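Participant: Structure incoming, see below.
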Amino acid sequence: MTEEIVIKPGVFYYPEYFSRAVQEELRDEILSYANELGWFQPTLPRWGTPFSVKMLNYGPLGWVSDKSGYRYQPTHPENGAHWRPFPIHISRLWSSLNVGFDNPEACLINYYQMNSRMGLHQDRDEEDLSVPVISISLGDTALFRIGTTERKGPTQSLKLKSGDVLVFGGPARLNFHGIDRIYPGTSTLLPEGGRINMTLRRVTKSAA
Ligand code: MD6
Ligand code: FE
């Protein structure tokens with residue numbers, strides 16, 4: 001069992017949860033997937049400004065964002081292909097961590113290049129906000145910032161490294177968070193550098 005660090009109530013950090021061998025399997029799966037389907041370019045609702053990250057999803061539902069808004073849907077927004085099922089290490093993670101709710105339905109994959117970032121946001125497009133979101137980091141180290149439920153509340157920062165897992169739920173489920181920067185060259189996992197983050201989510205109500 002890996003070490004568990006409580007960052008704040010509801011936020012649990014598992015440094016280097018995945019071995020290098022498992023990280024490589026996940027990397028190979030994601031890169032072959034991206035090669036087959038292509039990353040999609042999310043844009044901000046209304047304005048259509050592109051995000052600096054590119055995205056894909058695993059599972060029956062995937063998170064997408066375009067001019068008409070944020071939503072979950074079963075298909076790739078640019079080519080209509082159905083999302084691939086969860087890789088085995090991803091479905092196992094949910095049961096191994098004893099999340100205690102019904103199985104996840106979506107796994108959003110964010111791909112960051114050297115200069116990509118993710119502004120402070122809340123994850124609130126899921127019906128059941130009592131279920132935590134689980135995050136997995138691969139590749140270059142990132143500076144993750146967590147605040148409170150107020151956009152201007154105090155924040156704390158955490159460096160997320162390749163193989164790290166973060167459980168984000170409980171009283172922190174609606175806390176603002178984002179990625180301030182990527183540290184280029186800090187990992188050899190991705191052949192072209194950059195970072196991949198996966199977030200596993202329950203989208204519809206959980207019975208349990
Ligand atoms: C990232 N993560 O690590 C962005 N959301 O690239 C998130 O936005 C996130 O790590 C909800 C729960 C955990 C997260
Ligand atoms: Fe988020």
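Residue numbering restarts at 1 for every chain of the structure tokens, chains are lettered A, B, ... in their displayed order, and ligands are numbered from 1 as they appear.
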Within 6 Å of ligand 1 (counting only C-alpha atoms and all ligand atoms), which residues show up? I'd like them as an mmCIF file with N, CA and C atoms, in the first residue's frame.
Facilitator:
```cif
data_model
loop_
_atom_site.group_PDB
_atom_site.id
_atom_site.type_symbol
_atom_site.label_atom_id
_atom_site.label_comp_id
_atom_site.auth_asym_id
_atom_site.auth_seq_id
_atom_site.Cartn_x
_atom_site.Cartn_y
_atom_site.Cartn_z
ATOM 1 N N ASP A 123 -15.295 21.682 -10.497
ATOM 2 C CA ASP A 123 -15.883 20.598 -11.286
ATOM 3 C C ASP A 123 -17.298 20.421 -10.771
ATOM 4 N N VAL A 133 -13.727 12.984 -7.193
ATOM 5 C CA VAL A 133 -13.037 12.859 -8.482
ATOM 6 C C VAL A 133 -11.640 12.337 -8.156
ATOM 7 N N ILE A 134 -11.167 11.388 -8.950
ATOM 8 C CA ILE A 134 -9.823 10.840 -8.723
ATOM 9 C C ILE A 134 -8.931 11.250 -9.881
ATOM 10 N N SER A 135 -7.773 11.819 -9.554
ATOM 11 C CA SER A 135 -6.867 12.318 -10.584
ATOM 12 C C SER A 135 -5.568 11.528 -10.617
ATOM 13 N N PHE A 168 -10.171 13.752 -4.688
ATOM 14 C CA PHE A 168 -10.653 15.118 -4.469
ATOM 15 C C PHE A 168 -12.158 15.032 -4.219
ATOM 16 N N GLY A 178 -6.638 24.413 -10.040
ATOM 17 C CA GLY A 178 -6.134 24.585 -11.402
ATOM 18 C C GLY A 178 -4.667 24.210 -11.475
ATOM 19 N N ILE A 179 -4.130 24.289 -12.702
ATOM 20 C CA ILE A 179 -2.712 23.985 -12.922
ATOM 21 C C ILE A 179 -2.027 25.284 -13.333
ATOM 22 N N ASN A 197 -3.005 14.285 -17.614
ATOM 23 C CA ASN A 197 -3.759 14.105 -16.378
ATOM 24 C C ASN A 197 -5.056 13.400 -16.719
#
```
Participant: Counting only C-alpha atoms and all ligand atoms, which residues of chain A fall within 8 Å of ligand 2, and what is the closest atom pair for each with its distance in Å at one decimal, ordered by chain and rising number, as JSON lines?
Facilitator:
```
{"residue": "A:His121", "atom": "CA", "partner": "ligand 2", "partner_atom_place_in_ligand_line": "1 (Fe)", "distance": 6.3}
{"residue": "A:Gln122", "atom": "CA", "partner": "ligand 2", "partner_atom_place_in_ligand_line": "1 (Fe)", "distance": 6.0}
{"residue": "A:Asp123", "atom": "CA", "partner": "ligand 2", "partner_atom_place_in_ligand_line": "1 (Fe)", "distance": 5.1}
{"residue": "A:Phe176", "atom": "CA", "partner": "ligand 2", "partner_atom_place_in_ligand_line": "1 (Fe)", "distance": 8.0}
{"residue": "A:His177", "atom": "CA", "partner": "ligand 2", "partner_atom_place_in_ligand_line": "1 (Fe)", "distance": 6.3}
{"residue": "A:Gly178", "atom": "CA", "partner": "ligand 2", "partner_atom_place_in_ligand_line": "1 (Fe)", "distance": 6.7}
{"residue": "A:Thr199", "atom": "CA", "partner": "ligand 2", "partner_atom_place_in_ligand_line": "1 (Fe)", "distance": 7.8}
```
Participant: Counting only C-alpha atoms, which residues of stretch 59-101 of chain A fall within 12 Å of stretch 9-22 of chain A, and what is the closest atom pair for each with its distance in Å at one decimal, ordered by chain and rising number, as JSON lines?
Facilitator:
```
{"residue": "A:Pro87", "atom": "CA", "partner": "A:Val22", "partner_atom": "CA", "distance": 11.0}
{"residue": "A:Ile88", "atom": "CA", "partner": "A:Val22", "partner_atom": "CA", "distance": 10.4}
{"residue": "A:His89", "atom": "CA", "partner": "A:Val22", "partner_atom": "CA", "distance": 7.7}
{"residue": "A:Ile90", "atom": "CA", "partner": "A:Val22", "partner_atom": "CA", "distance": 10.4}
{"residue": "A:Arg92", "atom": "CA", "partner": "A:Phe18", "partner_atom": "CA", "distance": 11.7}
{"residue": "A:Leu93", "atom": "CA", "partner": "A:Tyr17", "partner_atom": "CA", "distance": 9.7}
{"residue": "A:Ser96", "atom": "CA", "partner": "A:Tyr17", "partner_atom": "CA", "distance": 11.2}
{"residue": "A:Leu97", "atom": "CA", "partner": "A:Tyr14", "partner_atom": "CA", "distance": 10.2}
{"residue": "A:Val99", "atom": "CA", "partner": "A:Phe12", "partner_atom": "CA", "distance": 11.6}
```
Participant: Write a file of the selected residues as a PDB file, in the first residue's frame, keeping N, CA, C and O atoms.
Facilitator:
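See result.pdb below for the written result:
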```pdb
ATOM      1  N   PRO A  87      -9.077   1.757 -19.371  1.00  0.00           N
ATOM      2  CA  PRO A  87      -7.966   0.805 -19.244  1.00  0.00           C
ATOM      3  C   PRO A  87      -8.083   0.087 -17.884  1.00  0.00           C
ATOM      4  O   PRO A  87      -8.603   0.661 -16.925  1.00  0.00           O
ATOM      5  N   ILE A  88      -7.622  -1.140 -17.820  1.00  0.00           N
ATOM      6  CA  ILE A  88      -7.782  -1.953 -16.612  1.00  0.00           C
ATOM      7  C   ILE A  88      -7.227  -1.266 -15.342  1.00  0.00           C
ATOM      8  O   ILE A  88      -7.852  -1.308 -14.285  1.00  0.00           O
ATOM      9  N   HIS A  89      -6.082  -0.608 -15.448  1.00  0.00           N
ATOM     10  CA  HIS A  89      -5.492   0.032 -14.258  1.00  0.00           C
ATOM     11  C   HIS A  89      -6.353   1.184 -13.746  1.00  0.00           C
ATOM     12  O   HIS A  89      -6.286   1.551 -12.579  1.00  0.00           O
ATOM     13  N   ILE A  90      -7.165   1.735 -14.634  1.00  0.00           N
ATOM     14  CA  ILE A  90      -8.033   2.850 -14.250  1.00  0.00           C
ATOM     15  C   ILE A  90      -9.275   2.325 -13.529  1.00  0.00           C
ATOM     16  O   ILE A  90      -9.667   2.837 -12.484  1.00  0.00           O
ATOM     17  N   ARG A  92      -9.459  -0.502 -11.975  1.00  0.00           N
ATOM     18  CA  ARG A  92      -8.987  -1.078 -10.711  1.00  0.00           C
ATOM     19  C   ARG A  92      -8.734  -0.009  -9.652  1.00  0.00           C
ATOM     20  O   ARG A  92      -8.915  -0.263  -8.468  1.00  0.00           O
ATOM     21  N   LEU A  93      -8.297   1.150 -10.083  1.00  0.00           N
ATOM     22  CA  LEU A  93      -7.959   2.221  -9.140  1.00  0.00           C
ATOM     23  C   LEU A  93      -9.169   2.572  -8.274  1.00  0.00           C
ATOM     24  O   LEU A  93      -9.058   2.737  -7.060  1.00  0.00           O
ATOM     25  N   SER A  96      -9.694  -0.191  -5.791  1.00  0.00           N
ATOM     26  CA  SER A  96      -8.586  -0.270  -4.826  1.00  0.00           C
ATOM     27  C   SER A  96      -8.636   0.846  -3.797  1.00  0.00           C
ATOM     28  O   SER A  96      -8.233   0.655  -2.657  1.00  0.00           O
ATOM     29  N   LEU A  97      -9.107   2.015  -4.207  1.00  0.00           N
ATOM     30  CA  LEU A  97      -9.133   3.142  -3.278  1.00  0.00           C
ATOM     31  C   LEU A  97     -10.379   3.135  -2.398  1.00  0.00           C
ATOM     32  O   LEU A  97     -10.545   4.008  -1.550  1.00  0.00           O
ATOM     33  N   VAL A  99     -13.513   3.849  -2.944  1.00  0.00           N
ATOM     34  CA  VAL A  99     -14.221   5.122  -3.059  1.00  0.00           C
ATOM     35  C   VAL A  99     -15.618   5.025  -2.426  1.00  0.00           C
ATOM     36  O   VAL A  99     -16.111   5.982  -1.846  1.00  0.00           O
TER      37      VAL A  99
END
```
Participant: Report as a ChimeraX atom specification all protein, DNA and RNA residues lying within 7 Å of A:Asp180, evaluated on only C-alpha atoms, omitting residues in the same chain fewer than 4 positions from it.
Facilitator: /A:117-118,143-145
Participant: Output N, CA and C atoms of each residue in that selection to a file, as an mmCIF file, in the first residue's frame.
Facilitator:
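Below is the file selection09.cif, written as the result:
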```cif
data_model
loop_
_atom_site.group_PDB
_atom_site.id
_atom_site.type_symbol
_atom_site.label_atom_id
_atom_site.label_comp_id
_atom_site.auth_asym_id
_atom_site.auth_seq_id
_atom_site.Cartn_x
_atom_site.Cartn_y
_atom_site.Cartn_z
ATOM 1 N N ARG A 117 -1.725 25.496 -19.387
ATOM 2 C CA ARG A 117 -2.127 25.645 -17.998
ATOM 3 C C ARG A 117 -3.634 25.427 -17.916
ATOM 4 N N MET A 118 -4.150 25.401 -16.671
ATOM 5 C CA MET A 118 -5.602 25.222 -16.494
ATOM 6 C C MET A 118 -6.026 26.221 -15.435
ATOM 7 N N LEU A 143 2.425 22.170 -11.264
ATOM 8 C CA LEU A 143 2.100 22.901 -10.041
ATOM 9 C C LEU A 143 0.576 23.031 -9.965
ATOM 10 N N PHE A 144 -0.006 22.282 -9.001
ATOM 11 C CA PHE A 144 -1.460 22.218 -8.819
ATOM 12 C C PHE A 144 -1.820 23.160 -7.682
ATOM 13 N N ARG A 145 -2.859 23.960 -7.864
ATOM 14 C CA ARG A 145 -3.271 24.900 -6.824
ATOM 15 C C ARG A 145 -4.693 24.547 -6.356
#
```
Participant: Could you find all residues in stretch 114-163 of chain A that DSSP calls strand (DSSP E or B) from the backbone, and write them as a list in words?
Facilitator: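 DSSP on the backbone gives strand (DSSP E or B) at Met118, Gly119, Leu120, His121, Val133, Ile134, Ser135, Ile136, Ser137, Leu138, Gly139, Ala142, Leu143, Phe144, Arg145, Ile146, Gln156, Ser157, Leu158, Lys159 and Leu160 of chain A.
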Participant: If you keep N, CA, C and O atoms, can you produce a file of those selected residues as a compact mmCIF listing (two decimals), in the first residue's frame?
Facilitator:
```txt
# COMPACT_ATOMS: atom_id res chain seq x y z
N MET A 118 -4.15 25.40 -16.67
CA MET A 118 -5.60 25.22 -16.49
C MET A 118 -6.03 26.22 -15.43
O MET A 118 -5.57 26.14 -14.29
N GLY A 119 -6.85 27.18 -15.82
CA GLY A 119 -7.29 28.21 -14.89
C GLY A 119 -8.08 27.64 -13.72
O GLY A 119 -8.57 26.51 -13.80
N LEU A 120 -8.17 28.42 -12.65
CA LEU A 120 -8.93 27.98 -11.47
C LEU A 120 -10.37 27.70 -11.87
O LEU A 120 -11.01 28.51 -12.54
N HIS A 121 -10.89 26.54 -11.49
CA HIS A 121 -12.25 26.15 -11.83
C HIS A 121 -12.81 25.22 -10.77
O HIS A 121 -12.08 24.70 -9.94
N VAL A 133 -13.73 12.98 -7.19
CA VAL A 133 -13.04 12.86 -8.48
C VAL A 133 -11.64 12.34 -8.16
O VAL A 133 -11.03 12.77 -7.18
N ILE A 134 -11.17 11.39 -8.95
CA ILE A 134 -9.82 10.84 -8.72
C ILE A 134 -8.93 11.25 -9.88
O ILE A 134 -9.29 11.08 -11.05
N SER A 135 -7.77 11.82 -9.55
CA SER A 135 -6.87 12.32 -10.58
C SER A 135 -5.57 11.53 -10.62
O SER A 135 -5.02 11.15 -9.58
N ILE A 136 -5.07 11.29 -11.84
CA ILE A 136 -3.83 10.55 -12.06
C ILE A 136 -2.92 11.44 -12.92
O ILE A 136 -3.38 11.98 -13.93
N SER A 137 -1.67 11.58 -12.53
CA SER A 137 -0.75 12.40 -13.30
C SER A 137 0.32 11.53 -13.97
O SER A 137 0.83 10.60 -13.36
N LEU A 138 0.66 11.88 -15.23
CA LEU A 138 1.70 11.16 -15.98
C LEU A 138 2.58 12.19 -16.68
O LEU A 138 2.06 13.17 -17.23
N GLY A 139 3.90 11.96 -16.70
CA GLY A 139 4.79 12.85 -17.43
C GLY A 139 5.33 13.97 -16.56
O GLY A 139 5.51 13.79 -15.34
N ALA A 142 3.70 19.04 -12.46
CA ALA A 142 2.83 20.21 -12.60
C ALA A 142 2.62 20.86 -11.24
O ALA A 142 2.64 20.19 -10.20
N LEU A 143 2.42 22.17 -11.26
CA LEU A 143 2.10 22.90 -10.04
C LEU A 143 0.58 23.03 -9.97
O LEU A 143 -0.05 23.73 -10.76
N PHE A 144 -0.01 22.28 -9.00
CA PHE A 144 -1.46 22.22 -8.82
C PHE A 144 -1.82 23.16 -7.68
O PHE A 144 -1.16 23.17 -6.65
N ARG A 145 -2.86 23.96 -7.86
CA ARG A 145 -3.27 24.90 -6.82
C ARG A 145 -4.69 24.55 -6.36
O ARG A 145 -5.57 24.33 -7.18
N ILE A 146 -4.88 24.47 -5.06
CA ILE A 146 -6.21 24.18 -4.49
C ILE A 146 -6.61 25.32 -3.59
O ILE A 146 -5.85 25.73 -2.71
N GLN A 156 -3.51 26.72 -1.63
CA GLN A 156 -2.25 26.04 -1.34
C GLN A 156 -1.81 25.32 -2.60
O GLN A 156 -2.64 25.00 -3.46
N SER A 157 -0.49 25.09 -2.74
CA SER A 157 0.02 24.49 -3.96
C SER A 157 0.68 23.16 -3.69
O SER A 157 1.23 22.93 -2.60
N LEU A 158 0.64 22.30 -4.70
CA LEU A 158 1.15 20.94 -4.57
C LEU A 158 1.77 20.59 -5.92
O LEU A 158 1.20 20.86 -6.95
N LYS A 159 2.97 19.98 -5.88
CA LYS A 159 3.58 19.54 -7.15
C LYS A 159 3.13 18.12 -7.44
O LYS A 159 3.38 17.22 -6.64
N LEU A 160 2.46 17.92 -8.56
CA LEU A 160 2.00 16.58 -8.95
C LEU A 160 3.01 15.99 -9.93
O LEU A 160 3.29 16.58 -10.98
```
